[in-house]
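Student: To start, I am sharing the structure in question, which I have written as structure tokens.
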Amino acid sequence: MSEKKTILKKRKDFLRVARGVHVVTTCVIVQAALNLSKKSNQWHVGYTATKKIGKAYVRNRSKRRLRAGVRQIFPQLALPNAEYVLISRHNTHYCPFALLLKDLKYALKKINEQLLGGKR
RNA sequence: AGAGGCGGCCGGACAGCUGCGCGGCAAAAAGUAAGAUUUGACUGUGAGGAAAGUCCGGGCUUUAUGGAAACAAGACACCGGAUAACUUCCGGCCGGAGGAAUCCGAGGGAAAGCGCCACAGAAAAUUACCGCCGAAAAUUUUUUCGGUAAGGUUGAAAAGGCGAGGUAAAAGCUCACCGCUGGGGCAGAAAUGUCACAGGCAAGGCAAGCCCUGUCUAAAGCAAGACCAAGUUAGGGUAAGGUUUAUCCUUAGUGGAGCGUUUUCACUCCGGCCCAGGAGGUAGGUCGCAAGAGCGGUUUGGCAACAAUCCGCCAAGAUGAAUAGCUGUCGCGGAUAUCUUUGCUUGCAAAGCAAUAUCUGUCACAAAACCCGGCUUAUAGGUCGCCUUAAAUU
RNA sequence: GGAGAGAUGGCAGAGUGGUCUAAUGCGGCAGACUCGAAAUCUGUUGUACGGUUUUCCGUACCUAGGGUUCAAAUCCCUAUCUCUCCG
């Protein structure tokens with residue numbers, strides 16, 4: 001499966017997900033929402049880095065690291081039919097990668113519970 | 001040796017796995033206004049010395065028909081050279097810092113003119129308060145007139161400095177030395193240096209105040225711009241001007257228009273025709289966009305910057321923006337442990353350094369966005385070459 | 001990516017070479033008025049270092065570092081940060 005098809009790019013999508021639930025950790029903030037309108041059962045991910053965390057290179061690098069983390073974790077843990085947005089924080093571009101993975105796992109588990117709970 | 005100065009180079013290395021951008025190759029499905037797109041146990045390639053700040057100079061593009069002169073605005077400024085160009089670079093001069101190597105300097109003009117120089121001080125640029133000296137008057141220590149700028153006070157700065165002569169008191173008034181100015185000789189391509197001569201001191205500072213002299217400069221920027229072009233809009237192009245905004249009117253080579261302003265010279269265009277399969281151009285796409293003032297070397301010329309010549313090489317091209325993650329070995333930095341073993345320092349104890357073992361690491365500054373030449377700023381650590389050597393240490 | 005503007009006390013904001021923390025307003029503190037509060041009125045109020053150790057005095061600081069000048073918040077250069085505009 002190509003990675004490209006799973007990426008959110010439109011502003012509209014980001015705004016919709018921002019209305020959903022969110023979880024904050026030291027390295028990353030995760031927002032998520034279920035999307036029932038789309039036919040496919042594939043999960044989607046968007047990446048965000050504000051100007052606050054640094055210059056262009058720092059923002060790009062942060063998003064890149066988040067992408068590397070997503071590749072390892074999401075195939076096992078992500079809910080199908082859900083949309084996630086990962087927001088970089090100011091330590092995302094230099095924190096140890098193991099910590100980043102740990103935070104992602106934790107946030108994903110917690111946010112999935114909230115999503116399923118909210119559904120009922 | 002140590003200390004100091006100048007310049008060059010490197011900017012962790014190698015291997016493996018997963019993943020990303022671009023190019024090539026192969027395959028796939030769909031068929032679009034156009035460009036596309038997707039897949040790959042295929043393949044090639046992928047950040048810097050500052051890519052940064054955007055402070056200068058160019059190329060390139062658009063606007064503008066080209067040249068000349070004046071004005072306006074701005075920039076620069078010792079001399080010579082280099083360069084596409086520069087406020088850059090190289091060599092030299094002068095001034096300053098240092099013991100030296102060496103480093104630093106926006107370094108034209110204040111006798112073209114205007115302006116400013118607070119406070120203090122008599123006076124801040126044709127000056128005289130206190131003084132000093134002489135004369136006259138009055139008179140018991142004052143006034144008036146004249147000479148003078150040695151001495152005093154202020155200040156950032158006070159009209160050549162110092163000594164001697166001179167005088168009523170003084171003064172370049174005169175003289176020696178130093179400084180200054182002038183024209184001349186010599187050296188040099190020049191800035192400038194130097195030599196003797198003469199003048200006889202005659203006008204302080206600020207031009208990063210206005211300004212003067214000389215030289216140079218059109219403006220904006222790849223979000224420049226060119227092309228294709230869904231939707232949508234309704235006439236458009238080819239001269240100028242006018243209004244009532246109508247494909248209307250007026251003018252037409254003895255006229256009008258042509259982009260900082262004015263003048264001038266040359267040049268070009270202009271009185272009806274063309275197009276509905278046409279025009280404009282939004283979303284979107286393609287190009288601009290990677291062979292260049294290119295990079296690495298050879299030889300020749302030059303003190304050098306640099307130029308010429310020959311040989312070899314092709315080295316990122318994104319646009320919601322590619323280089324990431326992990327593992328191993330070595331390197332580097334940091335921490336801890338052990339003197340059991342080995343080496344070194346010390347007379348010994350004790351301790352330290354190296355070695356060894358273990359653990360650990362945002363591994364300096366920093367990330368291309370049209371491209372080059374500079375400048376400026378940031379930068380852990382390593383390495384090479386040349387030069388100086390006063391003091392301190394060995 | 002490109003173009004431009006700005007930075008002054010706790011906050012806003014004058015001051016464009018001259019004696020100087022630097023007008024004014026808001027704020028803070030103290031006092032008056034009030035039973036108490038608000039409003040009003042009056043006074044006061046920056047930081048750091050050094051001397052002194054209550055007071056008081058001196059020096060430095062107008063984003064930072066240099067330069068020009070006798071003298072710089074002001075003129076010139078460099079850097080840092082903030083803001084605005086350009087599809």
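All residue names refer to the structure tokens as shown: chains lettered A, B, ... in order, residues numbered from 1 in each chain, ligands numbered from 1 in order.
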Residues within 12 Å of A26 of chain B, please, as a list in words. Count only C-alpha atoms (C1' of nucleotides); anything in the same chain fewer than 6 positions from it doesn't count.
Tutor: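 The contact residues come out as U39, G40, C42 and U43 of chain B.
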Student: Just write the chosen residues, N, CA, C and O atoms (P, O5', C5', C4', C3', O3' and C1' of nucleotides), as a compact mmCIF listing (two decimals), in the first residue's frame.
Tutor:
# COMPACT_ATOMS: atom_id res chain seq x y z
P U B 39 2.51 3.81 -5.96
O5' U B 39 3.02 2.46 -6.63
C5' U B 39 2.31 1.25 -6.41
C4' U B 39 2.82 0.15 -7.31
C3' U B 39 4.31 -0.15 -7.20
O3' U B 39 4.59 -0.97 -6.07
C1' U B 39 3.68 -0.07 -9.49
P G B 40 5.97 -0.80 -5.28
O5' G B 40 6.99 -1.52 -6.27
C5' G B 40 6.84 -2.92 -6.57
C4' G B 40 7.83 -3.35 -7.62
C3' G B 40 9.30 -3.35 -7.16
O3' G B 40 9.98 -4.48 -7.69
C1' G B 40 9.07 -2.01 -9.09
P C B 42 15.77 -6.70 -7.22
O5' C B 42 16.05 -5.26 -7.83
C5' C B 42 15.12 -4.58 -8.63
C4' C B 42 15.76 -4.23 -9.95
C3' C B 42 16.85 -3.18 -9.85
O3' C B 42 18.12 -3.76 -9.54
C1' C B 42 15.32 -2.57 -11.54
P U B 43 19.15 -2.95 -8.57
O5' U B 43 19.52 -1.68 -9.47
C5' U B 43 20.36 -1.84 -10.61
C4' U B 43 20.42 -0.56 -11.41
C3' U B 43 20.98 0.66 -10.68
O3' U B 43 22.40 0.65 -10.64
C1' U B 43 19.02 1.26 -11.85
Student: Chain B near chain A within 9 Å: what's each residue's closest atom pair and its distance in Å to one decimal, counting only C-alpha atoms (C1' of nucleotides), ordered by chain then ascending residue number, as a Markdown table?
Tutor:
| residue | atom | partner | partner_atom | distance |
| --- | --- | --- | --- | --- |
| B:G19 | C1' | A:Ala68 | CA | 7.7 |
| B:G320 | C1' | A:Lys9 | CA | 6.6 |
| B:A321 | C1' | A:Asn60 | CA | 8.6 |
| B:A324 | C1' | A:Arg64 | CA | 6.2 |
| B:G325 | C1' | A:Ala68 | CA | 6.2 |
| B:U362 | C1' | A:Tyr94 | CA | 4.6 |
| B:A367 | C1' | A:Tyr57 | CA | 5.7 |
Student: Residues within 10 Å of A100 of chain B, please, as number ranges by chain. Count only C-alpha atoms (C1' of nucleotides); anything in the same chain fewer than 2 positions from it doesn't count.
Tutor: B: 4-5, 98, 102, 388-390
Student: Please produce a file of those selected residues containing all heavy atoms, as a compact mmCIF listing (two decimals), in the first residue's frame.
Tutor:
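What landed in again.txt:
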# COMPACT_ATOMS: atom_id res chain seq x y z
P G B 4 49.51 32.37 22.62
OP1 G B 4 48.30 32.92 23.26
OP2 G B 4 49.48 31.01 22.04
O5' G B 4 49.98 33.38 21.50
C5' G B 4 50.06 34.78 21.77
C4' G B 4 50.78 35.52 20.67
O4' G B 4 52.09 34.94 20.44
C3' G B 4 50.14 35.48 19.30
O3' G B 4 49.02 36.33 19.18
C2' G B 4 51.31 35.90 18.41
O2' G B 4 51.54 37.29 18.46
C1' G B 4 52.46 35.17 19.10
N9 G B 4 52.77 33.87 18.44
C8 G B 4 52.53 32.61 18.92
N7 G B 4 52.91 31.66 18.10
C5 G B 4 53.43 32.36 17.01
C6 G B 4 54.00 31.88 15.79
O6 G B 4 54.16 30.71 15.43
N1 G B 4 54.39 32.93 14.96
C2 G B 4 54.25 34.25 15.26
N2 G B 4 54.68 35.11 14.33
N3 G B 4 53.73 34.71 16.38
C4 G B 4 53.35 33.72 17.20
P G B 5 47.82 35.95 18.17
OP1 G B 5 46.72 36.93 18.39
OP2 G B 5 47.54 34.49 18.26
O5' G B 5 48.46 36.25 16.75
C5' G B 5 48.79 37.60 16.38
C4' G B 5 49.52 37.63 15.06
O4' G B 5 50.71 36.83 15.12
C3' G B 5 48.76 37.04 13.88
O3' G B 5 47.78 37.92 13.37
C2' G B 5 49.89 36.78 12.89
O2' G B 5 50.31 37.96 12.24
C1' G B 5 51.00 36.30 13.83
N9 G B 5 51.08 34.83 13.90
C8 G B 5 50.69 34.02 14.94
N7 G B 5 50.90 32.75 14.71
C5 G B 5 51.46 32.73 13.44
C6 G B 5 51.89 31.64 12.65
O6 G B 5 51.88 30.43 12.92
N1 G B 5 52.38 32.05 11.42
C2 G B 5 52.45 33.35 11.00
N2 G B 5 52.95 33.57 9.79
N3 G B 5 52.06 34.39 11.73
C4 G B 5 51.57 33.99 12.93
P G B 98 51.62 51.07 21.05
OP1 G B 98 51.52 51.13 22.53
OP2 G B 98 52.39 52.11 20.33
O5' G B 98 52.21 49.64 20.65
C5' G B 98 51.70 48.45 21.28
C4' G B 98 52.25 47.21 20.60
O4' G B 98 51.84 47.18 19.21
C3' G B 98 53.75 47.09 20.52
O3' G B 98 54.35 46.69 21.75
C2' G B 98 53.93 46.07 19.40
O2' G B 98 53.70 44.75 19.85
C1' G B 98 52.81 46.50 18.45
N9 G B 98 53.35 47.42 17.42
C8 G B 98 53.38 48.79 17.44
N7 G B 98 53.96 49.29 16.38
C5 G B 98 54.32 48.20 15.63
C6 G B 98 54.99 48.12 14.37
O6 G B 98 55.41 49.04 13.66
N1 G B 98 55.17 46.81 13.97
C2 G B 98 54.76 45.71 14.67
N2 G B 98 55.03 44.53 14.11
N3 G B 98 54.14 45.76 15.84
C4 G B 98 53.96 47.03 16.25
P U B 102 55.42 40.43 7.69
OP1 U B 102 55.18 39.62 6.47
OP2 U B 102 56.19 41.69 7.58
O5' U B 102 54.01 40.77 8.35
C5' U B 102 52.93 39.84 8.35
C4' U B 102 52.03 40.09 9.54
O4' U B 102 52.78 40.74 10.59
C3' U B 102 50.86 41.04 9.29
O3' U B 102 49.77 40.39 8.66
C2' U B 102 50.54 41.49 10.71
O2' U B 102 49.83 40.51 11.42
C1' U B 102 51.93 41.63 11.32
N1 U B 102 52.47 43.01 11.19
C2 U B 102 51.98 43.97 12.04
O2 U B 102 51.14 43.75 12.89
N3 U B 102 52.51 45.23 11.87
C4 U B 102 53.46 45.61 10.95
O4 U B 102 53.85 46.77 10.93
C5 U B 102 53.91 44.56 10.10
C6 U B 102 53.41 43.33 10.24
P U B 388 61.46 35.21 10.11
OP1 U B 388 62.51 36.14 9.63
OP2 U B 388 61.79 33.80 10.41
O5' U B 388 60.80 35.85 11.41
C5' U B 388 60.47 37.24 11.44
C4' U B 388 59.78 37.60 12.75
O4' U B 388 58.60 36.79 12.92
C3' U B 388 60.59 37.35 14.00
O3' U B 388 61.49 38.42 14.25
C2' U B 388 59.50 37.24 15.07
O2' U B 388 59.08 38.50 15.52
C1' U B 388 58.36 36.57 14.30
N1 U B 388 58.25 35.12 14.55
C2 U B 388 57.65 34.72 15.73
O2 U B 388 57.24 35.50 16.56
N3 U B 388 57.54 33.37 15.90
C4 U B 388 57.96 32.39 15.02
O4 U B 388 57.79 31.21 15.30
C5 U B 388 58.57 32.89 13.82
C6 U B 388 58.69 34.20 13.63
P U B 389 62.95 38.11 14.83
OP1 U B 389 63.69 39.38 14.89
OP2 U B 389 63.52 36.94 14.10
O5' U B 389 62.64 37.65 16.33
C5' U B 389 62.13 38.59 17.28
C4' U B 389 61.55 37.86 18.47
O4' U B 389 60.76 36.76 17.98
C3' U B 389 62.56 37.24 19.42
O3' U B 389 62.84 38.16 20.46
C2' U B 389 61.88 35.98 19.95
O2' U B 389 61.35 36.13 21.23
C1' U B 389 60.72 35.74 18.95
N1 U B 389 60.79 34.43 18.26
C2 U B 389 60.20 33.36 18.89
O2 U B 389 59.66 33.44 19.97
N3 U B 389 60.28 32.18 18.19
C4 U B 389 60.85 31.98 16.96
O4 U B 389 60.84 30.86 16.47
C5 U B 389 61.43 33.14 16.37
C6 U B 389 61.39 34.30 17.03
P A B 390 64.34 38.22 21.12
OP1 A B 390 65.27 38.85 20.18
OP2 A B 390 64.64 36.88 21.67
O5' A B 390 64.08 39.20 22.35
C5' A B 390 64.04 40.61 22.14
C4' A B 390 63.08 41.28 23.10
O4' A B 390 61.76 41.36 22.51
C3' A B 390 62.84 40.57 24.42
O3' A B 390 63.90 40.77 25.34
C2' A B 390 61.53 41.21 24.88
O2' A B 390 61.74 42.48 25.47
C1' A B 390 60.79 41.37 23.55
N9 A B 390 59.83 40.29 23.31
C8 A B 390 59.91 39.25 22.43
N7 A B 390 58.88 38.45 22.46
C5 A B 390 58.05 39.01 23.43
C6 A B 390 56.80 38.64 23.93
N6 A B 390 56.13 37.58 23.50
N1 A B 390 56.25 39.41 24.88
C2 A B 390 56.93 40.48 25.31
N3 A B 390 58.11 40.93 24.91
C4 A B 390 58.63 40.14 23.96
Student: Using only C-alpha atoms (C1' of nucleotides), determine which residues lie at most 12 Å from A337 of chain B, disregarding the query and same-chain residues fewer than 5 positions distant; provide the list as a PyMOL selection string.
Tutor: chain B and resi 356-359
Student: Would you mind reading off the distance between atom C1' of C249 of chain B and atom C1' of A234 of chain B, one decimal, in Å?
Tutor: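 Between atom C1' of C249 of chain B and atom C1' of A234 of chain B the gap is 23.6 Å.
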Student: With only C-alpha atoms (C1' of nucleotides) as the atoms that count, which of C:G9, C:C41, C:G1, C:A14 lies nearest to C61 of chain C?
Tutor: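 For C61 of chain C, the nearest of the given residues is C:G9.
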Student: When you look at segment 16-24 of chain A with a cut-off of 7 Å (counting only C-alpha atoms (C1' of nucleotides)), what residues show up, excluding the ones that are within fewer than 3 positions of it in the same chain? I need them as a PDB file with N, CA, C and O atoms, in the first residue's frame.
Tutor:
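Contents of out25.pdb, as written:
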ATOM      1  N   LYS A  12      -9.512  21.637   4.831  1.00  0.00           N
ATOM      2  CA  LYS A  12     -10.832  21.194   5.265  1.00  0.00           C
ATOM      3  C   LYS A  12     -10.736  19.973   6.174  1.00  0.00           C
ATOM      4  O   LYS A  12     -11.388  19.903   7.218  1.00  0.00           O
ATOM      5  N   ASP A  13      -9.871  19.010   5.781  1.00  0.00           N
ATOM      6  CA  ASP A  13      -9.718  17.773   6.555  1.00  0.00           C
ATOM      7  C   ASP A  13      -9.156  18.072   7.936  1.00  0.00           C
ATOM      8  O   ASP A  13      -9.597  17.513   8.937  1.00  0.00           O
ATOM      9  N   VAL A  28       4.581  14.887  21.095  1.00  0.00           N
ATOM     10  CA  VAL A  28       3.633  14.988  19.994  1.00  0.00           C
ATOM     11  C   VAL A  28       2.222  15.159  20.545  1.00  0.00           C
ATOM     12  O   VAL A  28       1.913  14.701  21.651  1.00  0.00           O
ATOM     13  N   ILE A  29       1.397  15.866  19.772  1.00  0.00           N
ATOM     14  CA  ILE A  29      -0.015  15.973  20.084  1.00  0.00           C
ATOM     15  C   ILE A  29      -0.782  15.226  19.000  1.00  0.00           C
ATOM     16  O   ILE A  29      -0.481  15.390  17.803  1.00  0.00           O
ATOM     17  N   VAL A  30      -1.737  14.391  19.407  1.00  0.00           N
ATOM     18  CA  VAL A  30      -2.495  13.614  18.426  1.00  0.00           C
ATOM     19  C   VAL A  30      -3.957  14.028  18.496  1.00  0.00           C
ATOM     20  O   VAL A  30      -4.552  14.065  19.574  1.00  0.00           O
ATOM     21  N   GLN A  31      -4.493  14.347  17.339  1.00  0.00           N
ATOM     22  CA  GLN A  31      -5.929  14.582  17.231  1.00  0.00           C
ATOM     23  C   GLN A  31      -6.517  13.483  16.366  1.00  0.00           C
ATOM     24  O   GLN A  31      -5.835  12.944  15.499  1.00  0.00           O
ATOM     25  N   ALA A  32      -7.775  13.157  16.596  1.00  0.00           N
ATOM     26  CA  ALA A  32      -8.358  12.086  15.786  1.00  0.00           C
ATOM     27  C   ALA A  32      -9.858  12.258  15.670  1.00  0.00           C
ATOM     28  O   ALA A  32     -10.495  12.884  16.511  1.00  0.00           O
ATOM     29  N   ALA A  33     -10.414  11.692  14.592  1.00  0.00           N
ATOM     30  CA  ALA A  33     -11.864  11.671  14.398  1.00  0.00           C
ATOM     31  C   ALA A  33     -12.202  10.500  13.491  1.00  0.00           C
ATOM     32  O   ALA A  33     -11.380  10.101  12.652  1.00  0.00           O
ATOM     33  N   GLU A  83      -9.326   9.118  11.085  1.00  0.00           N
ATOM     34  CA  GLU A  83      -8.372  10.108  10.582  1.00  0.00           C
ATOM     35  C   GLU A  83      -7.609  10.690  11.763  1.00  0.00           C
ATOM     36  O   GLU A  83      -8.221  11.067  12.767  1.00  0.00           O
ATOM     37  N   VAL A  85      -4.415  13.435  13.127  1.00  0.00           N
ATOM     38  CA  VAL A  85      -3.522  14.553  12.818  1.00  0.00           C
ATOM     39  C   VAL A  85      -2.458  14.617  13.903  1.00  0.00           C
ATOM     40  O   VAL A  85      -2.775  14.647  15.090  1.00  0.00           O
ATOM     41  N   ALA A 107      -0.386   7.405  22.995  1.00  0.00           N
ATOM     42  CA  ALA A 107      -1.422   8.324  22.538  1.00  0.00           C
ATOM     43  C   ALA A 107      -2.438   7.609  21.670  1.00  0.00           C
ATOM     44  O   ALA A 107      -3.643   7.846  21.769  1.00  0.00           O
ATOM     45  N   ILE A 111      -6.340   7.258  22.504  1.00  0.00           N
ATOM     46  CA  ILE A 111      -7.278   7.983  21.648  1.00  0.00           C
ATOM     47  C   ILE A 111      -8.255   7.016  20.999  1.00  0.00           C
ATOM     48  O   ILE A 111      -9.410   7.351  20.748  1.00  0.00           O
TER      49      ILE A 111
END
Student: Neighbouring residues of Ala82 of chain A were defined as those with any atom within 6 Å, considering only C-alpha atoms (C1' of nucleotides); residues of the same chain fewer than 2 positions away were excluded. Please report them as a list of chain:residue names.
Tutor: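 That gives A:Ala33, A:Leu34, A:Asn35, A:Trp43, A:Leu79, A:Pro80.
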Student: Take the residues from that selection and put them in a file with all heavy atoms, as a compact mmCIF listing (two decimals), in the first residue's frame.
Tutor:
# COMPACT_ATOMS: atom_id res chain seq x y z
N ALA A 33 -10.41 11.69 14.59
CA ALA A 33 -11.86 11.67 14.40
C ALA A 33 -12.20 10.50 13.49
O ALA A 33 -11.38 10.10 12.65
CB ALA A 33 -12.34 12.97 13.78
N LEU A 34 -13.38 9.94 13.68
CA LEU A 34 -13.85 8.86 12.80
C LEU A 34 -14.47 9.50 11.57
O LEU A 34 -15.16 10.51 11.67
CB LEU A 34 -14.87 7.99 13.51
CG LEU A 34 -14.31 7.13 14.62
CD1 LEU A 34 -15.44 6.41 15.33
CD2 LEU A 34 -13.32 6.14 14.06
N ASN A 35 -14.20 8.89 10.45
CA ASN A 35 -14.80 9.41 9.22
C ASN A 35 -15.65 8.31 8.61
O ASN A 35 -15.14 7.35 8.05
CB ASN A 35 -13.69 9.82 8.26
CG ASN A 35 -14.26 10.53 7.05
OD1 ASN A 35 -15.48 10.63 6.90
ND2 ASN A 35 -13.39 11.00 6.20
N TRP A 43 -7.04 3.95 7.16
CA TRP A 43 -6.86 5.10 8.04
C TRP A 43 -6.08 6.19 7.30
O TRP A 43 -5.35 5.94 6.36
CB TRP A 43 -6.14 4.71 9.32
CG TRP A 43 -4.97 3.80 9.13
CD1 TRP A 43 -4.99 2.45 9.19
CD2 TRP A 43 -3.62 4.16 8.80
NE1 TRP A 43 -3.76 1.94 8.92
CE2 TRP A 43 -2.89 2.98 8.69
CE3 TRP A 43 -2.97 5.36 8.61
CZ2 TRP A 43 -1.54 2.97 8.38
CZ3 TRP A 43 -1.63 5.35 8.30
CH2 TRP A 43 -0.93 4.16 8.19
N LEU A 79 -6.93 2.54 13.93
CA LEU A 79 -8.28 2.07 13.61
C LEU A 79 -8.55 2.31 12.15
O LEU A 79 -8.22 3.37 11.63
CB LEU A 79 -9.31 2.85 14.43
CG LEU A 79 -9.35 2.58 15.91
CD1 LEU A 79 -10.38 3.48 16.55
CD2 LEU A 79 -9.68 1.13 16.18
N PRO A 80 -9.14 1.37 11.47
CA PRO A 80 -9.56 1.64 10.10
C PRO A 80 -10.67 2.67 10.12
O PRO A 80 -11.42 2.77 11.09
CB PRO A 80 -10.04 0.29 9.59
CG PRO A 80 -10.39 -0.46 10.81
CD PRO A 80 -9.51 0.02 11.90
Student: Find the residues near G2 of chain C: any atom within 9 Å, counting only C-alpha atoms (C1' of nucleotides), skip ones fewer than 5 places away on the same chain, and give them as a list in words.
Tutor: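 Within the cut-off, the hits are G221 and A223 of chain B; C86 of chain C.
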Student: Which of these residues is nearest to G331 of chain B, using only C-alpha atoms (C1' of nucleotides): B:A13, B:A1, B:G200, B:G81?
Tutor: B:A13
Student: Could you tell me how far atom C1' of A305 of chain B lies from atom C1' of G188 of chain B, in Å and to one decimal?
Tutor: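 For atom C1' of A305 of chain B relative to atom C1' of G188 of chain B, the distance reads 22.5 Å.
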Student: Based on DSSP run over this structure's backbone, return all residues of segment 44-83 of chain A in helix (DSSP H, G or I), as a PyMOL selection string.
Tutor: chain A and resi 51-53+56-77
Student: Take the residues from that selection and write them out as an mmCIF file, in the first residue's frame, keeping N, CA and C atoms.
Tutor:
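Just written: out08.cif:
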data_model
loop_
_atom_site.group_PDB
_atom_site.id
_atom_site.type_symbol
_atom_site.label_atom_id
_atom_site.label_comp_id
_atom_site.auth_asym_id
_atom_site.auth_seq_id
_atom_site.Cartn_x
_atom_site.Cartn_y
_atom_site.Cartn_z
ATOM 1 N N LYS A 51 4.736 27.522 12.867
ATOM 2 C CA LYS A 51 5.921 28.360 12.757
ATOM 3 C C LYS A 51 6.599 28.556 14.100
ATOM 4 N N LYS A 52 5.836 28.280 15.177
ATOM 5 C CA LYS A 52 6.339 28.518 16.521
ATOM 6 C C LYS A 52 7.538 27.652 16.863
ATOM 7 N N ILE A 53 7.606 26.442 16.278
ATOM 8 C CA ILE A 53 8.651 25.504 16.715
ATOM 9 C C ILE A 53 9.978 25.746 16.015
ATOM 10 N N ALA A 56 11.996 26.654 8.655
ATOM 11 C CA ALA A 56 11.439 25.701 7.714
ATOM 12 C C ALA A 56 12.098 24.331 7.834
ATOM 13 N N TYR A 57 13.426 24.325 7.993
ATOM 14 C CA TYR A 57 14.113 23.047 8.039
ATOM 15 C C TYR A 57 13.707 22.244 9.261
ATOM 16 N N VAL A 58 13.550 22.897 10.380
ATOM 17 C CA VAL A 58 13.162 22.218 11.620
ATOM 18 C C VAL A 58 11.759 21.639 11.483
ATOM 19 N N ARG A 59 10.857 22.388 10.876
ATOM 20 C CA ARG A 59 9.489 21.910 10.711
ATOM 21 C C ARG A 59 9.444 20.685 9.808
ATOM 22 N N ASN A 60 10.209 20.742 8.723
ATOM 23 C CA ASN A 60 10.219 19.617 7.797
ATOM 24 C C ASN A 60 10.777 18.382 8.466
ATOM 25 N N ARG A 61 11.859 18.564 9.220
ATOM 26 C CA ARG A 61 12.497 17.436 9.882
ATOM 27 C C ARG A 61 11.548 16.812 10.905
ATOM 28 N N SER A 62 10.801 17.639 11.626
ATOM 29 C CA SER A 62 9.855 17.129 12.602
ATOM 30 C C SER A 62 8.809 16.257 11.933
ATOM 31 N N LYS A 63 8.270 16.742 10.839
ATOM 32 C CA LYS A 63 7.248 15.975 10.129
ATOM 33 C C LYS A 63 7.819 14.669 9.600
ATOM 34 N N ARG A 64 9.079 14.738 9.176
ATOM 35 C CA ARG A 64 9.743 13.550 8.647
ATOM 36 C C ARG A 64 9.875 12.478 9.732
ATOM 37 N N ARG A 65 10.254 12.888 10.918
ATOM 38 C CA ARG A 65 10.404 11.948 12.028
ATOM 39 C C ARG A 65 9.064 11.360 12.416
ATOM 40 N N LEU A 66 8.039 12.184 12.393
ATOM 41 C CA LEU A 66 6.706 11.669 12.696
ATOM 42 C C LEU A 66 6.295 10.621 11.674
ATOM 43 N N ARG A 67 6.612 10.869 10.415
ATOM 44 C CA ARG A 67 6.295 9.912 9.355
ATOM 45 C C ARG A 67 7.003 8.584 9.605
ATOM 46 N N ALA A 68 8.279 8.657 10.031
ATOM 47 C CA ALA A 68 9.030 7.435 10.316
ATOM 48 C C ALA A 68 8.388 6.670 11.459
ATOM 49 N N GLY A 69 7.906 7.377 12.448
ATOM 50 C CA GLY A 69 7.244 6.725 13.573
ATOM 51 C C GLY A 69 5.943 6.080 13.138
ATOM 52 N N VAL A 70 5.184 6.773 12.343
ATOM 53 C CA VAL A 70 3.889 6.267 11.882
ATOM 54 C C VAL A 70 4.073 4.961 11.113
ATOM 55 N N ARG A 71 5.127 4.883 10.313
ATOM 56 C CA ARG A 71 5.370 3.685 9.525
ATOM 57 C C ARG A 71 5.519 2.454 10.404
ATOM 58 N N GLN A 72 6.135 2.639 11.593
ATOM 59 C CA GLN A 72 6.380 1.490 12.469
ATOM 60 C C GLN A 72 5.149 1.121 13.281
ATOM 61 N N ILE A 73 4.330 2.089 13.649
ATOM 62 C CA ILE A 73 3.313 1.850 14.655
ATOM 63 C C ILE A 73 1.916 1.726 14.086
ATOM 64 N N PHE A 74 1.576 2.580 13.142
ATOM 65 C CA PHE A 74 0.187 2.652 12.723
ATOM 66 C C PHE A 74 -0.367 1.370 12.114
ATOM 67 N N PRO A 75 0.416 0.650 11.310
ATOM 68 C CA PRO A 75 -0.180 -0.557 10.721
ATOM 69 C C PRO A 75 -0.768 -1.505 11.757
ATOM 70 N N GLN A 76 -0.195 -1.599 12.959
ATOM 71 C CA GLN A 76 -0.737 -2.487 13.979
ATOM 72 C C GLN A 76 -1.895 -1.859 14.752
ATOM 73 N N LEU A 77 -1.756 -0.566 15.121
ATOM 74 C CA LEU A 77 -2.638 0.016 16.122
ATOM 75 C C LEU A 77 -3.736 0.919 15.579
#
Student: Name the residues of segment 20-82 of chain A that fall into strand (DSSP E) according to DSSP on the backbone, using the chain letters and numbers of this document, as a ChimeraX atom specification.
Tutor: /A:21-24,28-34,44-48,82
